[in-house]
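K.L.:
Handing you this structure, nothing more for now.
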Amino acid sequence: AVKEKEIAPTTYELSVTGGAVMLALPALTDGELYVLDVVGRRRLTLHEGNLAAGVHEFKLDESALPSGVYFIKFSSAAANLTRKTVFVR
């Protein structure tokens, strides 16, 4: 039987779908993943520190924030990624 190996992503990618944030990392990366409001205030921190290469999923607790436009940001020495999302109640 052939055993499948998980293939690490080749680029840094960030996506938001429903109540989940997906972060793909090609290598071990030290960074922060957080939520900003439209004026740039940090509202939630989803992760701080090292993450292994691979795809990581983080749950967004939308109940902690009022309806509105938000930005999900991943910041590290290797990459800075931002995605816009809207919370509606």
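Going through the structure tokens in order, the chains are called A, B, and so on, while each chain numbers its residues from 1 and the ligands are numbered from 1 in the order shown.
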Name the residues in contact with Pro9 of chain A at a cut-off of 8 Å, using only C-alpha atoms, excluding same-chain residues fewer than 6 positions from it; report them as a PyMOL selection string.

P.N.:
chain A and resi 24-26+53-55

K.L.:
Excluding Asn50 of chain A and residues on its chain fewer than 3 positions from it, collect all residues at most 12 Å away from it, counting only C-alpha atoms, and give them as a list in words.

P.N.:
Leu25, Ala27, Leu28, Thr29, Asp30, Gly31, Glu32, Leu33, His47, Ala53, His56, Ser75, Ser76 and Ala77 of chain A

K.L.:
If you keep all heavy atoms, can you produce a file of those selected residues as a JSON list (two decimals), in the first residue's frame?

P.N.:
```
[["chain", "number", "residue", "atom", "x", "y", "z"],
["A", 25, "LEU", "N", 1.25, 27.75, 5.38],
["A", 25, "LEU", "CA", 2.64, 28.18, 5.56],
["A", 25, "LEU", "C", 3.58, 27.18, 4.91],
["A", 25, "LEU", "O", 3.48, 25.98, 5.16],
["A", 25, "LEU", "CB", 2.97, 28.28, 7.05],
["A", 25, "LEU", "CG", 2.06, 29.16, 7.90],
["A", 25, "LEU", "CD1", 2.42, 29.00, 9.38],
["A", 25, "LEU", "CD2", 2.19, 30.60, 7.48],
["A", 27, "ALA", "N", 6.81, 26.96, 5.51],
["A", 27, "ALA", "CA", 7.90, 26.64, 6.43],
["A", 27, "ALA", "C", 7.50, 27.03, 7.85],
["A", 27, "ALA", "O", 6.54, 27.78, 8.04],
["A", 27, "ALA", "CB", 9.15, 27.40, 6.02],
["A", 28, "LEU", "N", 8.25, 26.55, 8.82],
["A", 28, "LEU", "CA", 8.06, 26.98, 10.20],
["A", 28, "LEU", "C", 8.12, 28.50, 10.23],
["A", 28, "LEU", "O", 9.05, 29.10, 9.69],
["A", 28, "LEU", "CB", 9.15, 26.39, 11.09],
["A", 28, "LEU", "CG", 9.16, 26.85, 12.55],
["A", 28, "LEU", "CD1", 7.95, 26.27, 13.28],
["A", 28, "LEU", "CD2", 10.44, 26.43, 13.22],
["A", 29, "THR", "N", 7.11, 29.14, 10.83],
["A", 29, "THR", "CA", 7.02, 30.59, 10.80],
["A", 29, "THR", "C", 6.59, 31.12, 12.16],
["A", 29, "THR", "O", 5.68, 30.59, 12.78],
["A", 29, "THR", "CB", 5.98, 31.04, 9.74],
["A", 29, "THR", "OG1", 6.33, 30.47, 8.48],
["A", 29, "THR", "CG2", 5.93, 32.54, 9.61],
["A", 30, "ASP", "N", 7.28, 32.16, 12.61],
["A", 30, "ASP", "CA", 6.92, 32.85, 13.84],
["A", 30, "ASP", "C", 6.12, 34.08, 13.43],
["A", 30, "ASP", "O", 6.62, 34.94, 12.69],
["A", 30, "ASP", "CB", 8.18, 33.27, 14.60],
["A", 30, "ASP", "CG", 7.87, 33.95, 15.92],
["A", 30, "ASP", "OD1", 6.78, 33.72, 16.47],
["A", 30, "ASP", "OD2", 8.71, 34.73, 16.39],
["A", 31, "GLY", "N", 4.87, 34.16, 13.87],
["A", 31, "GLY", "CA", 4.05, 35.30, 13.46],
["A", 31, "GLY", "C", 2.82, 35.47, 14.33],
["A", 31, "GLY", "O", 2.64, 34.76, 15.32],
["A", 32, "GLU", "N", 2.00, 36.43, 13.93],
["A", 32, "GLU", "CA", 0.76, 36.73, 14.64],
["A", 32, "GLU", "C", -0.40, 36.71, 13.64],
["A", 32, "GLU", "O", -0.27, 37.19, 12.52],
["A", 32, "GLU", "CB", 0.81, 38.12, 15.25],
["A", 32, "GLU", "CG", 1.82, 38.31, 16.34],
["A", 32, "GLU", "CD", 1.76, 39.72, 16.89],
["A", 32, "GLU", "OE1", 2.13, 40.65, 16.14],
["A", 32, "GLU", "OE2", 1.34, 39.88, 18.04],
["A", 33, "LEU", "N", -1.52, 36.19, 14.09],
["A", 33, "LEU", "CA", -2.76, 36.19, 13.32],
["A", 33, "LEU", "C", -3.81, 36.88, 14.17],
["A", 33, "LEU", "O", -4.06, 36.46, 15.31],
["A", 33, "LEU", "CB", -3.18, 34.75, 13.00],
["A", 33, "LEU", "CG", -4.42, 34.58, 12.15],
["A", 33, "LEU", "CD1", -4.22, 35.16, 10.75],
["A", 33, "LEU", "CD2", -4.79, 33.11, 12.06],
["A", 47, "HIS", "N", -3.71, 33.88, 17.06],
["A", 47, "HIS", "CA", -2.49, 33.10, 17.34],
["A", 47, "HIS", "C", -1.29, 34.03, 17.42],
["A", 47, "HIS", "O", -1.18, 34.99, 16.65],
["A", 47, "HIS", "CB", -2.25, 32.07, 16.24],
["A", 47, "HIS", "CG", -1.05, 31.21, 16.53],
["A", 47, "HIS", "ND1", -1.10, 30.13, 17.36],
["A", 47, "HIS", "CD2", 0.24, 31.32, 16.13],
["A", 47, "HIS", "CE1", 0.10, 29.59, 17.45],
["A", 47, "HIS", "NE2", 0.94, 30.29, 16.71],
["A", 53, "ALA", "N", 5.10, 24.27, 9.25],
["A", 53, "ALA", "CA", 4.70, 24.29, 7.85],
["A", 53, "ALA", "C", 3.42, 23.47, 7.69],
["A", 53, "ALA", "O", 3.23, 22.47, 8.38],
["A", 53, "ALA", "CB", 5.80, 23.72, 6.98],
["A", 56, "HIS", "N", -3.24, 25.50, 8.53],
["A", 56, "HIS", "CA", -3.78, 25.65, 9.88],
["A", 56, "HIS", "C", -5.16, 26.31, 9.79],
["A", 56, "HIS", "O", -5.35, 27.22, 9.00],
["A", 56, "HIS", "CB", -2.86, 26.52, 10.74],
["A", 56, "HIS", "CG", -1.47, 26.00, 10.79],
["A", 56, "HIS", "ND1", -1.07, 25.06, 11.71],
["A", 56, "HIS", "CD2", -0.39, 26.26, 10.01],
["A", 56, "HIS", "CE1", 0.20, 24.78, 11.51],
["A", 56, "HIS", "NE2", 0.65, 25.49, 10.49],
["A", 75, "SER", "N", 0.90, 38.48, 10.26],
["A", 75, "SER", "CA", 2.11, 39.30, 10.20],
["A", 75, "SER", "C", 3.30, 38.49, 10.70],
["A", 75, "SER", "O", 3.27, 37.93, 11.79],
["A", 75, "SER", "CB", 1.92, 40.54, 11.06],
["A", 75, "SER", "OG", 3.06, 41.35, 11.04],
["A", 76, "SER", "N", 4.35, 38.42, 9.87],
["A", 76, "SER", "CA", 5.59, 37.74, 10.25],
["A", 76, "SER", "C", 6.74, 38.39, 9.48],
["A", 76, "SER", "O", 6.52, 39.22, 8.60],
["A", 76, "SER", "CB", 5.52, 36.25, 9.92],
["A", 76, "SER", "OG", 5.64, 36.04, 8.52],
["A", 77, "ALA", "N", 7.95, 37.99, 9.80],
["A", 77, "ALA", "CA", 9.12, 38.49, 9.07],
["A", 77, "ALA", "C", 9.10, 38.02, 7.62],
["A", 77, "ALA", "O", 9.60, 38.71, 6.73],
["A", 77, "ALA", "CB", 10.40, 38.05, 9.75]]
```

K.L.:
What lies within 12 Å of Val39 of chain A using only C-alpha atoms, ignoring chain neighbours under 2 positions off, as a list in words?

P.N.:
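These residues fall inside the cut-off: Val35, Leu36, Asp37, Arg41, Arg42, Arg43, Gly68, Val69, Tyr70 and Phe71 of chain A.
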
K.L.:
Which residue is closest to Lys73 of chain A? Choose from A:Leu51, A:Lys59, A:Thr85, A:Gly18 and count only C-alpha atoms.

P.N.:
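Nearest to Lys73 of chain A: A:Thr85.
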
K.L.:
Rank nothing, just name the residue among A:Ala79, A:Val16, A:Ala52, A:Val86 nearest to Leu65 of chain A, using only C-alpha atoms.

P.N.:
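Nearest candidate to Leu65 of chain A out of A:Ala79, A:Val16, A:Ala52, A:Val86: A:Val86.
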
K.L.:
Out of chain A, which residues get strand (DSSP E) from DSSP, as number ranges by chain?

P.N.:
A: 13-17, 20-25, 29-37, 42-51, 54-59, 68-76, 80-87

K.L.:
Just checking: using only C-alpha atoms, which residue out of A:Leu60, A:Ala78, A:Val38, A:Leu44 ends up closest to Gly19 of chain A?

P.N.:
A:Leu60

K.L.:
For a quick check of understanding, using only C-alpha atoms, which of A:Met22, A:Thr17, A:Phe58, A:Thr10 has the smallest distance to Leu81 of chain A?

P.N.:
A:Met22

K.L.:
Between A:Val21, A:Val88, A:Ile72, A:Gly40, which one has atoms that come closest to Glu57 of chain A, using only C-alpha atoms?

P.N.:
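Closest to Glu57 of chain A of all the choices is A:Val21.
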